[in-house]
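Worksheet: one structure, shown below.
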Amino acid sequence: MLLACSLVGWSDWALSATTPINATEPAVMPVASLPGTDAPSNSYTRTLKELGKSYSMNLKGVEATDSVNFNVRADEVVTAAQVTLQYSYSPALLADLSQINVLINDQVAASLPLPKEEAGKLQTRTVQIPPQTITEFNRLSLQFIGHYTMQCEDPLHSSLWAKIGNESQLSLQVSSIKQPNDLSALPLPLFDRRDASPLKLPFVFTARPSGPELEAAGILSSWFGALASYRGATFPASLTSLPAKGNAVVFVSSGESTALSGLPIKAATGPTLTLVSNPNDAQGKLLIVSGRDGADLKVAATALALGGSAFSGQSVVIDRIDSLKPRRPYDAPNWLPSDRPVRLGELAKPAELNVSGYNPGQMTVALRLPPDLFNWREPGAQLDLKYRYTPQPVSTNSSLLVHFNDTFIKSIDLPSIEKLGSSDSLLAMLKTDDSLARTSRMLLPLNSVALQSRLQFRFMYDYIKQGDCRDIIIDNMRGVIDPDSTLDLSQYEHFMAMPNLGVFKDSGFPFTRMADLSETSVILPNEPGPADLSAYLTVLGRFGDSTGYPATGVKVVHADQVAEQRDRDLLVLASGNNQPLLEQWQSLLPAKDEAAAQYFELSDLPLRLRNWISPDTKTNLREARSSFRFSADDGSAYLTGFESPLKSGRSVVFIASARPNGLADVTNALLSSEENAHELQGSLVVVKGKHVKSLVAEQDYYVGSLGPLRYLQWYLSQNIMALMLFTLLGVLLLASMTYLALRLRAKRRLGQ
């Protein structure tokens with residue numbers, strides 16, 4: 001990409017930071033004013049569970065430490081902090097020699113005594129944290145030091161323990177700080193990676209938006225969705241109304257009349273990006289995307305999503321943006337490449353592949369697999385593992401455990417020096433490097449794995465007891481997974497039975513096959529309302545989360561232009577009766593709204609007692625057997641998928657609701673990680689509030705391609721009659737060739 005722009009020097013505007021709390025973030029409990037402050041409204045509390053510690057901390061041994069991370073927004077400064085711990089400890093501990101230390105960024109904030117009379121009981125203790133020790137990125141560590149005797153002791157004795165509950169709380173009081181209107185800080189303050197709350201960013205249009213204007217908005221919503229992938233993002237849409245509080249993205253075209261009072265907008269001479277304060281909220285920010293027409297808005301949005309880190313100042317005008325290289329299928333930055341072996345160093349930082357100690361934590365490498373890998377009769381993806389470890393002088397059971405999505409794959413023995421043999425070459429090598437390099441090869445079965453997978457490693461070392469007064473734990477054990485280890489998916493082809501709303505939820509497939517959505521068209525109602533626009537923007541944000549790339553190639557059209565989208569996958573949105581395709585494609589829809597009633601087709605899928613999802617597509621099939629029609633004051637929303645009537649091999653996903661607000665139920669289900677959201681599978685799904693139900697699982701077409709021989713093998717395995725006919729033809733052909741060969745041989749013999 002080539003980007004050219006010019007800077008416009010506007011005067012600085014005052015800015016106050018926006019608060020991190022909103023309606024969609026985890027539960028926040030207000031706390032009383034902390035010591036040394038008088039602004040309780042800016043205080044909030046997080047439990048250790050909300051900070052990511054899904055289990056209680058079990059600290060064992062003479063010394064053990066566990067920690068959680070927490071961040072402070074860039075537009076806030078901490079004025080006071082405290083930690084309220086819920087903990088218990090062993091009755092066998094010596095009070096004079098045992099304690100729990102509270103550390104912030106490796107600095108001791110407090111040491112808690114462990115008196116004998118309180119042992120074995122649940123304790124609650126509040127510790128004040130010096131605010132000057134807290135920075136933008138922080139680590140709260142809890143260190144247990146325990147002793148049970150004045151004599152020689154076993155450092156791993158069962159009486160050496162303390163437990164800290166994950167309901168313990170961290171309370172912070174913050175003050176907002178002013179920052180300049182500077183585009184170089186983007187995506188701040190619209191998106192702050194330090195904030196763990198779900199992103200809720202309004203998009204404001206000064207008039208009813210055109211197709212190119214909506215394409216520009218989709219580029220930015222997918223960009224923000226990619227940034228907020230770990231926490232989710234929604235994008236409420238508004239027409240001619242700025243939010244009363246907080247941040248927003250505003251789209252202004254010169255051909256539109258601006259009805260936004262108090263908004264300082266200059267006439268755009270080209271694609272322009274401007275950062276100003278929200279006139280309704282001194283702490284809010286507005287990113288204004290302006291231009292002479294929708295095409296200019298699209299250029300400005302593309303420039304921000306692909307090259308915004310180069311901007312500075314309050315306003316910038318984009319001269320041009322050139323695409324140097326088109327995207328290829330399956331090249332999404334977030335997806336594991338399937339055309340070459342991938343180094344684990346590309347997927348994780350080197351520090352994340354290093355551990356130390358006798359019982360180190362688990363190393364996890366996150367993998368996002370392409371959804372349509374054809375794993376029929378494939379043994380698995382090849383993992384060529386390179387690792388290093390510190391060999392013990394003597395051991396019996398030390399090993400490296402390899403898991404894939406919590407499923408055990410292999411246990412690799414870590415032989416001791418005694419087992420390796422104390423040869424001169426080994427001892428000479430260990431003198432220069434106390435770690436030993438090894439390799440191993442294994443296969444990871446992909447027949448039923450999640451698209452968002454985890455490759456897990458754990459070094460387990462023997463602790464050899466030396467006897468009384470000789471048991472000392474020396475922290476000299478090290479384990480390393482070499483970044484040059486590779487995982488190879490290149491033997492897998494891309495081929496999948498469709499429709500499959502499960503992969504649509506998990507990865508946006510088949511639309512995300514092209515990372516920039518250059519083969520996707522969104523069919524909106526002729527007069528989309530805020531609910532339709534919000535659903536469109538949120539779904540594209542979900543696509544950005546999947547690919548890690550903005551939707552620079554998406555097309556937004558209306559039903560009267562659908563014939564022009566023949567060679568594209570179609571995402572259709574409807575609320576009420578505002579989508580003409582509801583009537584045009586009525587025969588293709590297994591669910592539809594009829595006047596004041598709703599119509600759905602049914603299979604026996606809802607009657608299944610077990611989890612119906614299987615790696616065998618035939619097991620998943622549940623074709624429609626019946627239908628029903630009902631009337632309700634407040635109808636349901638639904639998703640359905642089917643093959644495009646415009647071209648075979650292309651897909652349509654229809655998101656529809658009897659009421660505009662019902663579309664939000666669908667987008668919430670797409671973003672949800674709750675158990676009921678896993679019901680979003682098959683070819684027809686009904687959503688009502690938080691309730692998700694799959695009704696039909698038909699699969700009647702395929703996307704992708706296989707090699708000729710591979711396709712023939714698969715096709716014959718799926719069609720018994722074709723296999724019998726193929727076998728019969730083969731027998732007849734072989735018999736005919738044998739007959740002709742014998743006749744020829746007989747003629748030769750008679751001719752002699």
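Labeling convention for the structure tokens: chains A, B, ... as they appear, residues from 1 per chain, ligands from 1 in order of appearance.
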Hey, which bits of region 660-741 of chain A sit within 12 Å of region 551-574 of chain A, and for each residue what's the closest pair of atoms and how far apart in Å (one decimal), counting only C-alpha atoms, rows by chain and increasing number, as a tab-separated table?
residue	atom	partner	partner_atom	distance
A:Pro660	CA	A:Ala574	CA	8.2
A:Asn661	CA	A:Ala574	CA	11.1
A:Gly662	CA	A:Ala574	CA	10.1
A:Leu663	CA	A:Ala574	CA	8.4
A:Ala664	CA	A:Leu573	CA	11.7
A:Val666	CA	A:Leu573	CA	11.0
A:Thr667	CA	A:Leu573	CA	11.5
A:Val703	CA	A:Asp569	CA	11.1
Since we have the selection now, will you write its residues out, keeping N, CA, C and O atoms, as a JSON list (two decimals), in the first residue's frame?
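The new file part36.json reads:
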[["chain", "number", "residue", "atom", "x", "y", "z"],
["A", 660, "PRO", "N", -37.05, -4.56, 14.32],
["A", 660, "PRO", "CA", -35.68, -4.08, 14.17],
["A", 660, "PRO", "C", -34.77, -4.44, 15.34],
["A", 660, "PRO", "O", -33.61, -4.81, 15.14],
["A", 661, "ASN", "N", -35.27, -4.35, 16.57],
["A", 661, "ASN", "CA", -34.43, -4.63, 17.72],
["A", 661, "ASN", "C", -34.01, -6.09, 17.81],
["A", 661, "ASN", "O", -33.07, -6.42, 18.53],
["A", 662, "GLY", "N", -34.70, -6.97, 17.09],
["A", 662, "GLY", "CA", -34.35, -8.38, 17.13],
["A", 662, "GLY", "C", -33.00, -8.67, 16.50],
["A", 662, "GLY", "O", -32.37, -9.69, 16.81],
["A", 663, "LEU", "N", -32.54, -7.81, 15.59],
["A", 663, "LEU", "CA", -31.22, -8.02, 14.99],
["A", 663, "LEU", "C", -30.12, -7.96, 16.03],
["A", 663, "LEU", "O", -29.09, -8.61, 15.89],
["A", 664, "ALA", "N", -30.31, -7.17, 17.08],
["A", 664, "ALA", "CA", -29.31, -7.09, 18.15],
["A", 664, "ALA", "C", -29.18, -8.42, 18.87],
["A", 664, "ALA", "O", -28.09, -8.78, 19.34],
["A", 666, "VAL", "N", -29.32, -11.32, 17.45],
["A", 666, "VAL", "CA", -28.46, -12.14, 16.60],
["A", 666, "VAL", "C", -27.00, -11.74, 16.75],
["A", 666, "VAL", "O", -26.12, -12.60, 16.92],
["A", 667, "THR", "N", -26.71, -10.45, 16.69],
["A", 667, "THR", "CA", -25.32, -10.01, 16.81],
["A", 667, "THR", "C", -24.76, -10.34, 18.20],
["A", 667, "THR", "O", -23.59, -10.69, 18.33],
["A", 703, "VAL", "N", -18.19, -25.79, -0.96],
["A", 703, "VAL", "CA", -17.29, -24.72, -1.36],
["A", 703, "VAL", "C", -15.86, -25.25, -1.28],
["A", 703, "VAL", "O", -15.57, -26.16, -0.51]]
- Contacts of Asp484 (chain A) at 10 Å (only C-alpha atoms; same-chain gap of 6+ positions) as number ranges by chain: A: 342-346, 384-387
Write the selection just made, keeping C-alpha atoms, as a CSV table (one decimal), in the first residue's frame?
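As written to disk, selection-v6.csv reads:
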chain,number,residue,atom,x,y,z
A,342,VAL,CA,4.7,-22.3,10.0
A,343,ARG,CA,7.3,-21.5,12.7
A,344,LEU,CA,6.0,-21.4,16.2
A,345,GLY,CA,8.0,-18.2,16.5
A,346,GLU,CA,5.5,-16.6,14.2
A,384,ASP,CA,8.3,-30.9,14.1
A,385,LEU,CA,9.2,-29.9,17.6
A,386,LYS,CA,12.6,-28.6,18.7
A,387,TYR,CA,13.1,-28.1,22.4
Taking 6 positions as the minimum chain separation for residues in the same chain, which residues sit within 8 Å of Gly61 (chain A) when counting only C-alpha atoms? Answer as an mmCIF file with N, CA, C and O atoms, in the first residue's frame.
data_model
loop_
_atom_site.group_PDB
_atom_site.id
_atom_site.type_symbol
_atom_site.label_atom_id
_atom_site.label_comp_id
_atom_site.auth_asym_id
_atom_site.auth_seq_id
_atom_site.Cartn_x
_atom_site.Cartn_y
_atom_site.Cartn_z
ATOM 1 N N ILE A 145 5.484 -17.477 51.537
ATOM 2 C CA ILE A 145 6.709 -18.014 52.133
ATOM 3 C C ILE A 145 6.291 -18.767 53.389
ATOM 4 O O ILE A 145 5.679 -18.185 54.290
ATOM 5 N N GLY A 146 6.579 -20.063 53.432
ATOM 6 C CA GLY A 146 6.109 -20.880 54.541
ATOM 7 C C GLY A 146 7.172 -21.805 55.099
ATOM 8 O O GLY A 146 8.013 -22.324 54.357
ATOM 9 N N PRO A 155 11.067 -29.179 51.594
ATOM 10 C CA PRO A 155 10.567 -27.964 50.928
ATOM 11 C C PRO A 155 9.254 -28.171 50.183
ATOM 12 O O PRO A 155 8.608 -27.191 49.797
ATOM 13 N N LEU A 156 8.845 -29.428 49.967
ATOM 14 C CA LEU A 156 7.574 -29.703 49.300
ATOM 15 C C LEU A 156 6.620 -30.448 50.227
ATOM 16 O O LEU A 156 5.757 -31.196 49.775
ATOM 17 N N HIS A 157 6.758 -30.222 51.530
ATOM 18 C CA HIS A 157 5.912 -30.903 52.507
ATOM 19 C C HIS A 157 4.448 -30.495 52.311
ATOM 20 O O HIS A 157 4.143 -29.352 51.946
ATOM 21 N N SER A 158 3.546 -31.453 52.576
ATOM 22 C CA SER A 158 2.122 -31.209 52.338
ATOM 23 C C SER A 158 1.537 -30.137 53.246
ATOM 24 O O SER A 158 0.453 -29.608 52.968
ATOM 25 N N LEU A 160 2.809 -27.229 53.766
ATOM 26 C CA LEU A 160 3.214 -25.897 53.293
ATOM 27 C C LEU A 160 2.238 -25.444 52.203
ATOM 28 O O LEU A 160 2.424 -25.750 51.016
ATOM 29 N N TRP A 161 1.195 -24.732 52.608
ATOM 30 C CA TRP A 161 0.216 -24.285 51.614
ATOM 31 C C TRP A 161 -0.513 -23.035 52.096
ATOM 32 O O TRP A 161 -0.656 -22.791 53.299
#
- Exercise: region 438-445 of chain A partners within 9 Å, only C-alpha atoms, chain neighbours under 5 positions left out, as a PyMOL selection string: chain A and resi 375+378-389+404+409-410+412+485
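If you count only C-alpha atoms and ignore residues fewer than 6 places along the chain from Arg454 (chain A), what sits within 6 Å of it is Val365, Ala366, Leu367, Phe404 and Asn405 of chain A.
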Export, as a PDB file, in the first residue's frame, the selected residues with N, CA and C atoms.
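Result went into out.pdb, see below:
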ATOM      1  N   VAL A 365       0.305 -21.891  22.807  1.00  0.00           N
ATOM      2  CA  VAL A 365       0.415 -21.220  21.509  1.00  0.00           C
ATOM      3  C   VAL A 365      -0.979 -21.215  20.884  1.00  0.00           C
ATOM      4  N   ALA A 366      -1.531 -20.022  20.683  1.00  0.00           N
ATOM      5  CA  ALA A 366      -2.875 -19.900  20.116  1.00  0.00           C
ATOM      6  C   ALA A 366      -2.828 -20.119  18.607  1.00  0.00           C
ATOM      7  N   LEU A 367      -3.777 -20.878  18.100  1.00  0.00           N
ATOM      8  CA  LEU A 367      -3.878 -21.173  16.671  1.00  0.00           C
ATOM      9  C   LEU A 367      -5.298 -20.874  16.210  1.00  0.00           C
ATOM     10  N   PHE A 404      -3.160 -30.777  22.720  1.00  0.00           N
ATOM     11  CA  PHE A 404      -3.800 -29.981  21.680  1.00  0.00           C
ATOM     12  C   PHE A 404      -5.253 -29.803  22.074  1.00  0.00           C
ATOM     13  N   ASN A 405      -5.628 -28.548  22.382  1.00  0.00           N
ATOM     14  CA  ASN A 405      -6.981 -28.265  22.881  1.00  0.00           C
ATOM     15  C   ASN A 405      -7.318 -29.134  24.095  1.00  0.00           C
TER      16      ASN A 405
END
- Message: DSSP on the backbone, helix (DSSP H, G or I) only: what residues of region 242-363 of chain A does that give? Format it as an MDAnalysis selection string.
- Response: chainID A and resid 294:310 344:346 350:353
Dump C-alpha atoms for the selected residues as a PDB file, in the first residue's frame?
ATOM      1  CA  GLY A 294     -18.766   8.416  -0.432  1.00  0.00           C
ATOM      2  CA  ALA A 295     -15.682   7.458  -2.436  1.00  0.00           C
ATOM      3  CA  ASP A 296     -13.629   9.996  -0.482  1.00  0.00           C
ATOM      4  CA  LEU A 297     -14.935   8.583   2.794  1.00  0.00           C
ATOM      5  CA  LYS A 298     -13.874   5.120   1.706  1.00  0.00           C
ATOM      6  CA  VAL A 299     -10.361   6.327   0.859  1.00  0.00           C
ATOM      7  CA  ALA A 300     -10.064   8.061   4.246  1.00  0.00           C
ATOM      8  CA  ALA A 301     -11.276   4.972   6.114  1.00  0.00           C
ATOM      9  CA  THR A 302      -8.897   2.693   4.188  1.00  0.00           C
ATOM     10  CA  ALA A 303      -5.967   4.994   4.867  1.00  0.00           C
ATOM     11  CA  LEU A 304      -6.717   5.006   8.592  1.00  0.00           C
ATOM     12  CA  ALA A 305      -7.153   1.232   8.828  1.00  0.00           C
ATOM     13  CA  LEU A 306      -4.023   0.381   6.831  1.00  0.00           C
ATOM     14  CA  GLY A 307      -1.657   3.264   7.505  1.00  0.00           C
ATOM     15  CA  GLY A 308      -3.040   5.391  10.323  1.00  0.00           C
ATOM     16  CA  SER A 309       0.084   5.008  12.432  1.00  0.00           C
ATOM     17  CA  ALA A 310       1.821   7.474  10.101  1.00  0.00           C
ATOM     18  CA  LEU A 344       5.964 -21.372  16.220  1.00  0.00           C
ATOM     19  CA  GLY A 345       8.044 -18.203  16.545  1.00  0.00           C
ATOM     20  CA  GLU A 346       5.522 -16.568  14.176  1.00  0.00           C
ATOM     21  CA  PRO A 350      10.133 -16.119  22.455  1.00  0.00           C
ATOM     22  CA  ALA A 351       9.520 -15.180  26.110  1.00  0.00           C
ATOM     23  CA  GLU A 352       6.229 -17.116  26.010  1.00  0.00           C
ATOM     24  CA  LEU A 353       8.113 -20.288  25.002  1.00  0.00           C
TER      25      LEU A 353
END
- Give me the residues within 10 Å of Pro189 (chain A) as number ranges by chain, counting only C-alpha atoms and dropping any in the same chain fewer than 6 places off. A: 17-18, 73-75, 179, 181, 183, 246-247, 284-287
- Item | Polymer residues at most 10 Å from Gln452 (chain A), only C-alpha atoms, same-chain spacing of 6 or more positions, as a ChimeraX atom specification | /A:335,366-371,405,506-507,546
- Message: What's the separation between CA of Lys121 (chain A) and CA of Tyr89 (chain A), in Å to one decimal place?
- Response: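 Computed distance, CA of Lys121 (chain A) to CA of Tyr89 (chain A), equals 7.5 Å.
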- Message: For a test of reading the model, state the distance in Å between CA of Pro271 (chain A) and CA of Arg513 (chain A), rounded to one decimal.
- Response: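 CA of Arg513 (chain A) lies 29.0 Å from CA of Pro271 (chain A).
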- From the list A:Ile655, A:Phe205, A:Val72, A:Lys505, which residue is nearest Ser673 (chain A) when using only C-alpha atoms?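 The closest residue to Ser673 (chain A) is A:Lys505.
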